[in-house]
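Undergrad: What follows is the file upload14.cif, containing mmCIF, C-alpha atoms and all ligand atoms:
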data_protein
#
loop_
_atom_site.label_atom_id
_atom_site.label_comp_id
_atom_site.auth_asym_id
_atom_site.auth_seq_id
_atom_site.Cartn_x
_atom_site.Cartn_y
_atom_site.Cartn_z
CA MET E 690 5.49 12.40 19.96
CA ALA E 691 6.68 15.54 18.24
CA GLN E 692 6.20 15.41 14.53
CA GLU E 693 7.98 17.27 11.78
CA LYS E 694 7.34 16.88 8.09
CA ILE E 695 8.38 13.35 7.19
CA PRO E 696 10.50 12.97 4.01
CA GLN E 697 8.91 10.88 1.26
CA ALA E 698 11.63 8.22 1.40
CA THR E 699 10.91 7.74 5.10
CA ALA E 700 7.14 7.83 4.55
CA LYS E 701 7.45 4.93 2.10
CA ARG E 702 9.01 2.75 4.78
CA LEU E 703 6.37 3.47 7.45
CA PRO E 704 3.91 0.72 6.42
CA LEU E 705 6.75 -1.82 6.59
CA TYR E 706 7.81 -0.64 10.04
CA TYR E 707 4.19 -0.72 11.13
CA ARG E 708 3.65 -4.29 10.01
CA VAL E 709 6.84 -5.58 11.58
CA LEU E 710 6.25 -3.75 14.86
CA GLN E 711 2.73 -5.13 14.96
CA HIS E 712 4.11 -8.67 14.75
CA LEU E 713 6.71 -7.90 17.39
CA SER E 714 4.08 -6.44 19.69
CA GLU E 715 1.80 -9.46 19.19
CA SER E 716 4.68 -11.73 20.14
CA GLY E 717 5.10 -9.80 23.39
CA LYS E 718 8.14 -7.71 22.51
CA GLN E 719 8.20 -4.40 24.37
CA ARG E 720 11.36 -2.78 23.11
CA ILE E 721 13.68 -3.16 20.19
CA SER E 722 17.03 -1.75 19.13
CA SER E 723 17.59 -0.30 15.68
CA SER E 724 20.07 -3.09 14.92
CA GLU E 725 17.54 -5.80 15.85
CA LEU E 726 14.91 -4.10 13.73
CA SER E 727 17.45 -3.78 10.94
CA GLU E 728 17.83 -7.57 10.86
CA VAL E 729 14.08 -8.03 10.47
CA VAL E 730 13.24 -5.33 7.93
CA LYS E 731 16.54 -5.54 6.01
CA ILE E 732 17.13 -1.80 6.17
CA ASP E 733 20.39 -0.57 7.65
CA SER E 734 20.17 0.61 11.23
CA ALA E 735 21.46 4.13 10.48
CA THR E 736 18.52 4.64 8.11
CA ILE E 737 16.11 3.31 10.72
CA ARG E 738 17.51 5.67 13.36
CA ARG E 739 17.26 8.61 10.95
CA ASP E 740 13.68 7.62 9.99
CA PHE E 741 12.60 7.31 13.58
CA SER E 742 14.23 10.61 14.55
CA HIS E 743 11.89 12.33 12.06
CA PHE E 744 8.98 11.38 14.21
CA GLY E 745 10.64 12.31 17.42
CA ALA E 746 11.43 8.76 18.52
CA LEU E 747 14.89 8.80 19.96
CA GLY E 748 16.03 5.35 20.99
CA LYS E 749 17.83 5.27 24.31
CA LYS E 750 21.25 3.68 24.42
CA GLY E 751 21.03 0.21 25.89
CA TYR E 752 17.25 0.35 25.80
CA GLY E 753 16.26 0.79 22.18
CA TYR E 754 12.79 1.84 21.10
CA HIS E 755 9.54 1.38 22.91
CA VAL E 756 7.48 -0.86 20.56
CA GLU E 757 4.01 0.32 21.67
CA ARG E 758 5.00 3.98 21.47
CA LEU E 759 6.29 3.54 17.93
CA LEU E 760 3.17 1.61 17.01
CA SER E 761 0.85 4.26 18.31
CA PHE E 762 2.70 6.93 16.35
CA LEU E 763 2.59 4.85 13.16
CA ARG E 764 -1.08 4.01 13.68
CA ASN E 765 -1.90 7.72 13.84
CA THR E 766 0.35 8.71 10.97
CA LEU E 767 -0.88 5.94 8.71
CA ASN E 768 -4.47 6.73 9.59
CA GLN E 769 -4.92 3.26 11.01
CA ASP E 770 -7.62 4.35 13.42
CA GLU E 771 -9.86 5.27 10.55
CA LEU E 772 -11.02 2.77 7.95
CA THR E 773 -9.84 3.74 4.46
CA LYS E 774 -12.40 2.69 1.90
CA VAL E 775 -11.19 1.68 -1.53
CA MET E 776 -12.95 0.71 -4.73
CA LEU E 777 -11.69 -1.67 -7.38
CA ILE E 778 -12.39 -1.41 -11.09
CA GLY E 779 -12.05 -4.53 -13.25
CA VAL E 780 -12.91 -7.83 -11.58
CA GLY E 781 -10.72 -10.11 -13.73
CA ASN E 782 -8.15 -12.57 -12.44
CA LEU E 783 -6.05 -9.98 -10.67
CA GLY E 784 -9.02 -7.92 -9.45
CA THR E 785 -10.66 -11.06 -8.03
CA ALA E 786 -7.45 -12.03 -6.24
CA LEU E 787 -7.23 -8.57 -4.69
CA LEU E 788 -10.88 -8.69 -3.63
CA ASN E 789 -10.21 -12.02 -1.94
CA TYR E 790 -7.16 -10.65 -0.17
CA ASN E 791 -7.87 -9.53 3.36
CA PHE E 792 -6.27 -6.06 3.54
CA LEU E 793 -7.93 -5.58 6.91
CA LYS E 794 -5.68 -8.23 8.42
CA ASN E 795 -2.71 -5.88 8.63
CA ASN E 796 -4.10 -2.51 7.64
CA ASN E 797 -7.28 -0.60 8.20
CA ILE E 798 -8.08 -0.66 4.50
CA LYS E 799 -11.06 -2.30 2.87
CA ILE E 800 -12.23 -2.66 -0.72
CA VAL E 801 -15.88 -1.76 -0.23
CA LYS E 802 -17.10 -1.67 -3.81
CA ALA E 803 -16.13 -3.03 -7.23
CA TYR E 804 -17.11 -2.22 -10.81
CA ASP E 805 -17.01 -4.24 -14.01
CA THR E 806 -18.61 -4.36 -17.46
CA ASN E 807 -19.34 -8.08 -17.46
CA ALA E 808 -23.07 -8.76 -16.97
CA HIS E 809 -22.29 -12.13 -15.35
CA LYS E 810 -20.22 -10.44 -12.66
CA VAL E 811 -22.39 -7.38 -12.05
CA GLY E 812 -24.80 -7.96 -9.15
CA THR E 813 -22.66 -10.71 -7.61
CA MET E 814 -20.46 -10.47 -4.53
CA ILE E 815 -16.89 -11.48 -3.88
CA GLY E 816 -16.52 -11.88 -0.15
CA GLU E 817 -18.29 -8.83 1.24
CA THR E 818 -17.75 -6.68 -1.84
CA SER E 819 -20.59 -6.10 -4.29
CA ILE E 820 -19.88 -5.71 -8.00
CA HIS E 821 -21.61 -2.84 -9.82
CA HIS E 822 -21.84 -1.95 -13.49
CA ILE E 823 -19.16 0.47 -14.67
CA ASP E 824 -21.83 2.68 -16.25
CA GLN E 825 -22.99 3.54 -12.72
CA LEU E 826 -19.53 4.79 -11.72
CA ALA E 827 -20.08 8.32 -13.05
CA THR E 828 -23.36 8.78 -11.19
CA ASP E 829 -22.87 6.76 -7.98
CA ASP E 830 -22.18 8.75 -4.84
CA ASN E 831 -18.73 7.56 -3.80
CA HIS E 832 -17.68 10.72 -1.97
CA ASP E 833 -16.35 8.65 0.95
CA ILE E 834 -14.00 6.66 -1.32
CA SER E 835 -10.91 8.54 -2.45
CA VAL E 836 -8.72 5.62 -3.46
CA ALA E 837 -9.21 3.19 -6.35
CA ILE E 838 -7.44 0.09 -7.61
CA LEU E 839 -7.35 -0.19 -11.38
CA THR E 840 -7.28 -3.73 -12.77
CA VAL E 841 -9.09 -3.21 -16.09
CA PRO E 842 -7.61 -4.14 -19.48
CA ALA E 843 -5.09 -1.60 -20.80
CA GLU E 844 -7.45 -0.15 -23.40
CA ALA E 845 -10.00 0.84 -20.75
CA ALA E 846 -7.51 2.26 -18.24
CA GLN E 847 -7.34 5.94 -19.25
CA SER E 848 -11.06 6.53 -19.60
CA VAL E 849 -11.93 4.67 -16.39
CA ALA E 850 -9.24 6.65 -14.56
CA GLU E 851 -10.73 9.93 -15.83
CA THR E 852 -14.20 8.90 -14.61
CA LEU E 853 -12.69 8.02 -11.22
CA VAL E 854 -11.06 11.42 -10.95
CA SER E 855 -14.28 13.22 -11.94
CA GLY E 856 -15.99 11.32 -9.14
CA GLY E 857 -13.50 12.61 -6.56
CA VAL E 858 -10.87 9.85 -6.42
CA ASN E 859 -7.41 11.31 -5.84
CA GLY E 860 -5.30 8.18 -5.42
CA ILE E 861 -5.06 5.34 -7.92
CA LEU E 862 -3.15 2.09 -7.60
CA ASN E 863 -2.65 1.32 -11.27
CA PHE E 864 -2.03 -2.35 -12.11
CA THR E 865 -2.45 -1.79 -15.86
CA PRO E 866 0.61 -1.27 -18.07
CA VAL E 867 -0.75 2.14 -19.15
CA ARG E 868 0.97 5.37 -18.05
CA LEU E 869 -2.07 7.40 -17.11
CA SER E 870 -2.38 11.09 -18.02
CA LEU E 871 -4.20 12.75 -15.15
CA PRO E 872 -4.16 16.11 -13.39
CA LYS E 873 -1.03 16.78 -11.33
CA ASP E 874 -2.82 16.64 -8.00
CA ILE E 875 -3.83 13.00 -8.54
CA ARG E 876 -1.43 10.51 -7.03
CA VAL E 877 -0.94 7.42 -9.16
CA HIS E 878 1.14 4.49 -7.95
CA HIS E 879 1.97 2.12 -10.74
CA ILE E 880 2.48 -1.59 -10.25
CA ASP E 881 3.18 -3.39 -13.51
CA LEU E 882 3.65 -6.98 -12.35
CA ALA E 883 5.02 -8.18 -15.70
CA VAL E 884 7.66 -5.43 -15.74
CA GLU E 885 8.56 -6.08 -12.10
CA LEU E 886 9.11 -9.78 -12.82
CA GLN E 887 11.06 -9.08 -15.98
CA THR E 888 13.27 -6.61 -14.09
CA LEU E 889 13.91 -9.15 -11.35
CA VAL E 890 14.92 -11.79 -13.90
CA TYR E 891 17.15 -9.29 -15.73
CA PHE E 892 18.89 -8.30 -12.50
CA LEU E 893 19.33 -11.93 -11.47
CA ASN E 894 20.97 -12.69 -14.80
CA ASN E 895 23.12 -9.58 -15.01
CA PHE E 896 23.87 -8.48 -11.47
CA PRO E 897 24.07 -11.60 -9.31
CA LEU E 898 24.16 -10.63 -5.63
CA LYS E 899 27.26 -11.55 -3.73
CA ASN E 900 26.55 -12.65 -0.21
CA GLN E 901 26.83 -9.20 1.37
CA GLY E 902 24.37 -9.78 4.15
CA GLY E 903 21.47 -7.71 2.86
CA GLU E 904 20.85 -4.58 0.78
P1 LIG E 1001 -6.58 -9.84 -15.38
O1 LIG E 1001 -5.81 -8.89 -16.27
O2 LIG E 1001 -6.99 -9.21 -14.08
O3 LIG E 1001 -5.99 -11.18 -15.23
P2 LIG E 1001 -8.52 -10.99 -17.10
O4 LIG E 1001 -7.52 -11.51 -18.04
O5 LIG E 1001 -9.33 -11.95 -16.33
O6 LIG E 1001 -7.97 -10.00 -16.06
P3 LIG E 1001 -9.15 -8.59 -18.53
O7 LIG E 1001 -9.54 -8.70 -19.95
O8 LIG E 1001 -7.80 -8.05 -18.21
O9 LIG E 1001 -9.45 -9.99 -17.85
O10 LIG E 1001 -10.24 -7.71 -17.78
C1 LIG E 1001 -10.23 -7.53 -16.41
C2 LIG E 1001 -11.65 -7.24 -15.95
O11 LIG E 1001 -11.99 -5.92 -16.34
C3 LIG E 1001 -12.70 -8.15 -16.57
O12 LIG E 1001 -13.53 -8.66 -15.54
C4 LIG E 1001 -13.47 -7.24 -17.52
O13 LIG E 1001 -14.83 -7.62 -17.59
C5 LIG E 1001 -13.32 -5.91 -16.84
N1 LIG E 1001 -13.45 -4.75 -17.74
C6 LIG E 1001 -13.17 -4.65 -19.06
N2 LIG E 1001 -13.40 -3.39 -19.49
C7 LIG E 1001 -13.83 -2.69 -18.43
C8 LIG E 1001 -14.24 -1.34 -18.22
N3 LIG E 1001 -14.24 -0.44 -19.19
N4 LIG E 1001 -14.62 -0.99 -16.98
C9 LIG E 1001 -14.65 -1.87 -15.97
N5 LIG E 1001 -14.28 -3.16 -16.09
C10 LIG E 1001 -13.87 -3.56 -17.31
#
Could I get this file's structure written as structure tokens?

TA:
Amino acid sequence: MAQEKIPQATAKRLPLYYRVLQHLSESGKQRISSSELSEVVKIDSATIRRDFSHFGALGKKGYGYHVERLLSFLRNTLNQDELTKVMLIGVGNLGTALLNYNFLKNNNIKIVKAYDTNAHKVGTMIGETSIHHIDQLATDDNHDISVAILTVPAEAAQSVAETLVSGGVNGILNFTPVRLSLPKDIRVHHIDLAVELQTLVYFLNNFPLKNQGGE
């Protein structure tokens, strides 16, 4: 498929499309219309058509989109053919939960290594992931790992993030409440679960949804 530069807003929706199309393919579906897909992903069909047009997929009238063709495009674009190795720093409650979560089930992503300060945790394994001492992070050769998940306590976040960046990490999924100060070429995605929950509750209380049939 022809490929132009995909806008960021579209790029953000690709993993969702990928996951849904995977399920559809597994259930034997060969083609799908943008309106059917719209029902499943809860994104309006005009947006879906615009998104898909960016990667050269033009649905045919009365036929819709070819599921396998879309999947193969998304697999390539999302690098699904290649395993993305990730490390996780801070094996507390949240870190442990993430280590136990099977990212490989839907995505070709695996947490291959974890770090912590706690002597009781260092040297143990969670699933297939070994836990190393944080002091080794600066000297370990992790050149094949460019993404890290940060689940350390807030006070450790900035310095751990700096060590990660010195070691060659250029993408951080930050679960701490700290706004990290890092060089501009480092991509940080911030997930503050407490803030997300609080925002949801605030919106529920202040902006109740009328039944409008989706977003
Ligand atoms: P969570 O916030 O995930 O629920 P928790 O309450 O179990 O965690 P925290 O105090 O938030 O524990 O610490 C998370 C983990 O980070 C712990 O396992 C702790 O040992 C580890 N940790 C603390 N400081 C550092 C550090 N500088 N580098 C790496 N790991 C650290």

Undergrad: In terms of the shortest atom-to-atom distance over all atoms listed in the file, which of E:Lys899, E:His879, E:His809, E:Lys873 is closest to ligand LIG 1001 (chain E)?

TA: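 Checking each of E:Lys899, E:His879, E:His809, E:Lys873 against ligand LIG 1001 (chain E), counting all atoms listed in the file, the winner is E:His809.
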
Undergrad: For ligand LIG 1001 (chain E), which residue among E:Ile778, E:Ile838, E:Ile880, E:Leu893 is the nearest when counting all atoms listed in the file?

TA: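 So, comparing all the options, the nearest one is E:Ile778.
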
Undergrad: With ligand LIG 1001 (chain E) as the partner and 6 Å as the cut-off, tabulate the residues of chain E that qualify, each row holding the nearest pair of atoms and their distance in Å to one decimal, using all atoms listed in the file, sorted by chain and rising number, as CSV.

TA:
residue,atom,partner,partner_atom,distance
E:Ile778,CA,E:LIG1001,C9,5.4
E:Gly779,CA,E:LIG1001,O11,3.4
E:Val780,CA,E:LIG1001,O12,4.1
E:Gly781,CA,E:LIG1001,O5,3.5
E:Asn782,CA,E:LIG1001,O3,3.8
E:Leu783,CA,E:LIG1001,O2,3.6
E:Gly784,CA,E:LIG1001,O2,5.2
E:Tyr804,CA,E:LIG1001,C9,5.7
E:Asp805,CA,E:LIG1001,N5,3.6
E:Thr806,CA,E:LIG1001,N5,4.7
E:Asn807,CA,E:LIG1001,O13,4.5
E:Ile823,CA,E:LIG1001,C9,5.2
E:Thr840,CA,E:LIG1001,O2,5.6
E:Val841,CA,E:LIG1001,O11,4.0
E:Pro842,CA,E:LIG1001,O8,4.1
E:Ala845,CA,E:LIG1001,N3,4.7

Undergrad: Find the distance between CA of Tyr754 in chain E and CA of Lys794 in chain E and write it in Å to one decimal.

TA: 24.6 Å

Undergrad: One number please: CA of Val756 in chain E to CA of Leu713 in chain E, in Å, one decimal.

TA: 7.8 Å

Undergrad: Give me the residues near Ser724 in chain E as a list of chain:residue names, where near means some atom within 12 Å (using only C-alpha atoms) and where sequence neighbours in that chain fewer than 6 positions away do not count.

TA: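 Those residues are E:Val730, E:Lys731, E:Ile732, E:Asp733, E:Ser734, E:Ala735, E:Thr736, E:Ile737, E:Arg738, E:Gly748, E:Lys750, E:Gly751, E:Tyr752, E:Gly753, E:Tyr754.
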
Undergrad: Identify the residues around (9.6, -3.4, 7.8) within a radius of 10 Å, measuring from only C-alpha atoms in the coordinates stated by the file, and give them as a ChimeraX atom specification.

TA: /E:702-710,726-732,737

Undergrad: State, in Å with one decimal place, the distance from CA of Gly745 in chain E to CA of Gln719 in chain E.

TA: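 Those two atoms sit 18.3 Å apart.
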
Undergrad: Of the candidates E:His821, E:Lys701, E:Arg868, E:His832, which one gets nearest to Thr766 in chain E if we count only C-alpha atoms?

TA: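 Distance minimum relative to Thr766 in chain E lands on E:Lys701.
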
Undergrad: Considering all atoms listed in the file, can you say which of E:Arg876, E:Leu862, E:Phe744, E:Ala808 comes closest to Lys694 in chain E?

TA: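 Distance minimum relative to Lys694 in chain E lands on E:Phe744.
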
Undergrad: Neighbouring residues of Gly860 in chain E were defined as those with any atom within 8 Å, considering only C-alpha atoms; residues of the same chain fewer than 3 positions away were excluded. Please report them as a list of chain:residue names.

TA: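 Listing them by chain and then by number gives E:Ser835, E:Val836, E:Ala837, E:Ile875, E:Arg876, E:Val877, E:His878.
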
Undergrad: Please write as a PDB file with C-alpha atoms, in the coordinates of the input the list of polymer residues whose atoms come within 10 Å of (-3.8, 9.5, -16.2), counting all atoms listed in the file and keeping to the coordinates of the file.

TA:
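Output (out_35.pdb):
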ATOM      1  CA  ALA E 846      -7.510   2.260 -18.240  1.00  0.00           C
ATOM      2  CA  GLN E 847      -7.340   5.940 -19.250  1.00  0.00           C
ATOM      3  CA  SER E 848     -11.060   6.530 -19.600  1.00  0.00           C
ATOM      4  CA  VAL E 849     -11.930   4.670 -16.390  1.00  0.00           C
ATOM      5  CA  ALA E 850      -9.240   6.650 -14.560  1.00  0.00           C
ATOM      6  CA  GLU E 851     -10.730   9.930 -15.830  1.00  0.00           C
ATOM      7  CA  VAL E 854     -11.060  11.420 -10.950  1.00  0.00           C
ATOM      8  CA  ILE E 861      -5.060   5.340  -7.920  1.00  0.00           C
ATOM      9  CA  ASN E 863      -2.650   1.320 -11.270  1.00  0.00           C
ATOM     10  CA  VAL E 867      -0.750   2.140 -19.150  1.00  0.00           C
ATOM     11  CA  ARG E 868       0.970   5.370 -18.050  1.00  0.00           C
ATOM     12  CA  LEU E 869      -2.070   7.400 -17.110  1.00  0.00           C
ATOM     13  CA  SER E 870      -2.380  11.090 -18.020  1.00  0.00           C
ATOM     14  CA  LEU E 871      -4.200  12.750 -15.150  1.00  0.00           C
ATOM     15  CA  PRO E 872      -4.160  16.110 -13.390  1.00  0.00           C
ATOM     16  CA  LYS E 873      -1.030  16.780 -11.330  1.00  0.00           C
ATOM     17  CA  ILE E 875      -3.830  13.000  -8.540  1.00  0.00           C
ATOM     18  CA  ARG E 876      -1.430  10.510  -7.030  1.00  0.00           C
ATOM     19  CA  VAL E 877      -0.940   7.420  -9.160  1.00  0.00           C
TER      20      VAL E 877
END

Undergrad: Which of these, E:Asp740, E:Glu715, E:Asp770, E:Glu725, has the shortest distance to Gln697 in chain E once you count only C-alpha atoms?

TA: E:Asp740

Undergrad: Using all atoms listed in the file, find the one residue out of E:Ala700, E:Ala827, E:Glu757, E:Lys802 that sits nearest to Arg720 in chain E.

TA: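 Using all atoms listed in the file, Arg720 in chain E sits closest to E:Glu757.
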
Undergrad: Can you list, as an MDAnalysis selection string, every protein, DNA or RNA residue that comes within 10 Å of Ala883 in chain E when you count only C-alpha atoms, leaving out same-chain residues fewer than 3 positions away?

TA: chainID E and resid 864:866 880 886:889

Undergrad: Assuming the input is short of atoms at range 875-886 of chain E, produce all heavy atoms for that part as a CSV table (one decimal), in the frame of the given file.

TA:
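Generated output (part-v9.csv):
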chain,number,residue,atom,x,y,z
E,875,ILE,N,-3.4,14.4,-8.7
E,875,ILE,CA,-3.8,13.0,-8.5
E,875,ILE,C,-2.6,12.1,-8.4
E,875,ILE,O,-1.7,12.1,-9.2
E,875,ILE,CB,-4.7,12.5,-9.8
E,875,ILE,CG1,-5.8,13.5,-10.1
E,875,ILE,CG2,-5.2,11.1,-9.5
E,875,ILE,CD1,-6.8,13.7,-9.0
E,876,ARG,N,-2.6,11.4,-7.3
E,876,ARG,CA,-1.4,10.5,-7.0
E,876,ARG,C,-1.7,9.1,-7.6
E,876,ARG,O,-2.7,8.5,-7.3
E,876,ARG,CB,-1.2,10.4,-5.5
E,876,ARG,CG,0.1,9.7,-5.2
E,876,ARG,CD,0.4,9.7,-3.7
E,876,ARG,NE,1.1,10.9,-3.4
E,876,ARG,CZ,2.5,11.0,-3.5
E,876,ARG,NH1,3.2,10.0,-3.9
E,876,ARG,NH2,3.1,12.1,-3.1
E,877,VAL,N,-0.8,8.7,-8.6
E,877,VAL,CA,-0.9,7.4,-9.2
E,877,VAL,C,0.3,6.6,-8.8
E,877,VAL,O,1.4,7.0,-9.0
E,877,VAL,CB,-1.0,7.5,-10.7
E,877,VAL,CG1,-1.1,6.1,-11.3
E,877,VAL,CG2,-2.2,8.4,-11.1
E,878,HIS,N,0.0,5.4,-8.2
E,878,HIS,CA,1.1,4.5,-8.0
E,878,HIS,C,1.0,3.3,-8.9
E,878,HIS,O,-0.1,2.8,-9.1
E,878,HIS,CB,1.1,4.0,-6.5
E,878,HIS,CG,1.7,5.0,-5.5
E,878,HIS,ND1,2.2,4.7,-4.3
E,878,HIS,CD2,1.9,6.3,-5.7
E,878,HIS,CE1,2.7,5.8,-3.7
E,878,HIS,NE2,2.5,6.8,-4.5
E,879,HIS,N,2.1,3.1,-9.6
E,879,HIS,CA,2.0,2.1,-10.7
E,879,HIS,C,2.6,0.8,-10.4
E,879,HIS,O,3.8,0.8,-9.9
E,879,HIS,CB,2.7,2.8,-11.9
E,879,HIS,CG,2.4,2.1,-13.2
E,879,HIS,ND1,3.2,2.2,-14.3
E,879,HIS,CD2,1.4,1.3,-13.6
E,879,HIS,CE1,2.7,1.5,-15.3
E,879,HIS,NE2,1.6,0.9,-14.9
E,880,ILE,N,1.9,-0.3,-10.5
E,880,ILE,CA,2.5,-1.6,-10.2
E,880,ILE,C,2.3,-2.4,-11.5
E,880,ILE,O,1.1,-2.9,-11.8
E,880,ILE,CB,1.8,-2.3,-9.0
E,880,ILE,CG1,1.9,-1.4,-7.8
E,880,ILE,CG2,2.5,-3.7,-8.8
E,880,ILE,CD1,1.4,-2.0,-6.5
E,881,ASP,N,3.3,-2.6,-12.3
E,881,ASP,CA,3.2,-3.4,-13.5
E,881,ASP,C,3.9,-4.7,-13.2
E,881,ASP,O,5.1,-4.8,-13.2
E,881,ASP,CB,3.8,-2.7,-14.7
E,881,ASP,CG,3.6,-3.4,-16.0
E,881,ASP,OD1,3.5,-4.7,-16.0
E,881,ASP,OD2,3.4,-2.8,-17.0
E,882,LEU,N,3.1,-5.7,-12.9
E,882,LEU,CA,3.6,-7.0,-12.4
E,882,LEU,C,4.6,-7.6,-13.4
E,882,LEU,O,5.6,-8.2,-13.0
E,882,LEU,CB,2.5,-7.9,-12.0
E,882,LEU,CG,1.7,-7.5,-10.7
E,882,LEU,CD1,0.6,-8.5,-10.5
E,882,LEU,CD2,2.6,-7.5,-9.5
E,883,ALA,N,4.2,-7.6,-14.7
E,883,ALA,CA,5.0,-8.2,-15.7
E,883,ALA,C,6.4,-7.5,-15.8
E,883,ALA,O,7.4,-8.2,-15.8
E,883,ALA,CB,4.3,-8.1,-17.1
E,884,VAL,N,6.4,-6.2,-15.7
E,884,VAL,CA,7.7,-5.4,-15.7
E,884,VAL,C,8.5,-5.7,-14.5
E,884,VAL,O,9.7,-5.9,-14.6
E,884,VAL,CB,7.4,-3.9,-15.9
E,884,VAL,CG1,8.7,-3.1,-15.6
E,884,VAL,CG2,6.9,-3.6,-17.3
E,885,GLU,N,7.8,-5.8,-13.3
E,885,GLU,CA,8.6,-6.1,-12.1
E,885,GLU,C,9.3,-7.4,-12.2
E,885,GLU,O,10.4,-7.6,-11.8
E,885,GLU,CB,7.6,-6.1,-10.9
E,885,GLU,CG,7.0,-4.8,-10.5
E,885,GLU,CD,8.0,-3.8,-10.0
E,885,GLU,OE1,9.0,-4.2,-9.5
E,885,GLU,OE2,7.7,-2.6,-10.2
E,886,LEU,N,8.5,-8.4,-12.7
E,886,LEU,CA,9.1,-9.8,-12.8
E,886,LEU,C,10.3,-9.8,-13.8
E,886,LEU,O,11.3,-10.4,-13.5
E,886,LEU,CB,8.0,-10.7,-13.3
E,886,LEU,CG,7.4,-11.7,-12.3
E,886,LEU,CD1,6.5,-12.7,-13.0
E,886,LEU,CD2,8.5,-12.5,-11.6
